[in-house]
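Asker: Sharing a structure here in structure tokens format.
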Amino acid sequence: MTKWIKNLLLTTLACSALPALAQPLQHQVVSTGLAHPWALAFLPEGRFLVTERPGRLRVIEADGRLNPALAGLPEVAAGGQGGLLDVLLDADFARNRTLFFCFSEPGAGGNSTALARAQLSSDRSRLEAVQVIFSARPKLASSAHFGCRIVESQTAGQPDGLLFMTLGERYTRKDDAQTLGNHHGKLIRVAKDGRVPPDNPFVSTAGALPEIWSYGHRNPQGLAVAPDGALWAHEHGPQGGDEINLIAPGRNYGWPVITYGENYGGGAIGAGLSAQAGMNQPLHYWVPSIAPSGMAFVTSSRYGSQWVGNLLVGSLKFGYLNRIELTKPFGGRVLREHKLLAGLGQRIRDVRQGPDGLIYVLTDQAQGSLIRLLPP
């Protein structure tokens, strides 16, 4: 055997031993023609439920066929960043057909983020028994920073009947994020009928709104419960300073007193601080900003063992899906980041792991798509 052939065989063997993750990740367009889709939920029998920011909710069939918009939605203040935003199926949806959605709600003084519950009709054509269970206060004339991600909290690994929702500080009212008499720049926690849980951290605080769970946020558009039950969120910074935070009750996450970003066009925000006593530091931050949206943990092994426990975050600014490797257990630090789907050149608005263990994303375009990531 010549030295050249021997080296070729060794190289071939080495390449065949590479993990599957080294292979290019392929994707499949499940459905397209969606108008700025914002959020995704998984219905029984392989169907999908998708919100469109202009104010429509659609069922997509398992084969990708796009159905007409559902009837029965309340009036939506669509414009700018506002519209019909997140959607969440109740943990007992198979029995009660209940779902929750958040949207920019018009009203006296302008608009604000609202949370509603409804039932999907048996023929999947309309919403029934629609009830707004929470409206952020105060309403104001703004088309920016609604937040509006929803998750159901868990106790001992099981859904516990309580909902978390993110609320932006509405951009022009950034200082409100540091005061407890309004909902701007907050995470809230409510029961599924809108009642306030008695163990919320500010229930007994004079002048505080009792729904508040944490504060000092800018515009959180990612929220997820980790496999260990911890609550994670990410939020948009200004120019730089997008953050991933571990959320704990009653804590102050700093905006706009501390930030790793700066004003648009340059210049310090406030005193230019990035840390201050009594304010939580982010687990991770990005400079420059990636404009994060959507957030999901990978529990499936469909893409290989190295993906299990990873965090997925969409990038609106740069148009990729960020696969983030974390130290274990959760809550340690970010080890590595991987840019996926960058070749699409489309804004990634939402990311979810489906019941089949596969990863799905929505692209935020005038003709947006639902895309399935294929295992190697």
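Each chain in the structure tokens gets a letter, A, B, ..., in the order shown, and its residues are numbered from 1; ligands are numbered from 1 in order too.
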Any idea what's packed within 10 Å of A:Gly33, counting only C-alpha atoms, ignoring anything in its chain fewer than 5 positions away? Could you give it as an NGL selection string?
Answerer: :A and (66 or 365-370)
Asker: Contacts of stretch 196-198 of chain A at 10 Å or less, counting only C-alpha atoms, minus same-chain residues fewer than 6 places along, as a ChimeraX atom specification?
Answerer: /A:162,188-190,204,209-212
Asker: Quick one: residues within 9 Å of stretch 93-107 of chain A, only C-alpha atoms, excluding same-chain residues fewer than 2 positions away - as a count of residues only?
Answerer: 45
Asker: Quick one: everything within 6 Å of A:Arg372, counting only C-alpha atoms, minus sequence neighbours fewer than 2 positions away in the same chain. Send it as an MDAnalysis selection string.
Answerer: chainID A and resid 27:28 359:360
Asker: Given only C-alpha atoms as the basis, pick out the residue of A:Gly64, A:Gly304, A:Pro249, A:Gly332 nearest to A:His284.
Answerer: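 Of A:Gly64, A:Gly304, A:Pro249, A:Gly332, the one nearest A:His284 is A:Gly332, counting only C-alpha atoms.
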Asker: Taking only C-alpha atoms into account, name the residue in A:Pro220, A:Gly207, A:Gly194, A:Ser289 that is nearest to A:Trp232.
Answerer: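 Nearest to A:Trp232: A:Pro220.
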Asker: Please, which residues of stretch 109-172 of chain A, numbered as in this document, come out strand (DSSP E or B) from DSSP, as a VMD selection string?
Answerer: chain A and resid 110 to 120 126 to 135 140 150 to 155 158 to 167
Asker: So how far away is atom CA of A:Phe164 from atom CA of A:Phe42, in Å?
Answerer: 19.1 Å
Asker: Counting only C-alpha atoms, figure out which residue out of A:Ser301, A:Gln276, A:Ser214, A:Ser125 gets nearest to A:Ile258.
Answerer: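 Result for the nearest residue to A:Ile258: A:Gln276.
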Asker: Quick one: everything within 6 Å of A:Gly314, counting only C-alpha atoms, minus sequence neighbours fewer than 6 positions away in the same chain. Send it as a PyMOL selection string.
Answerer: chain A and resi 292-294+321-322+348-349
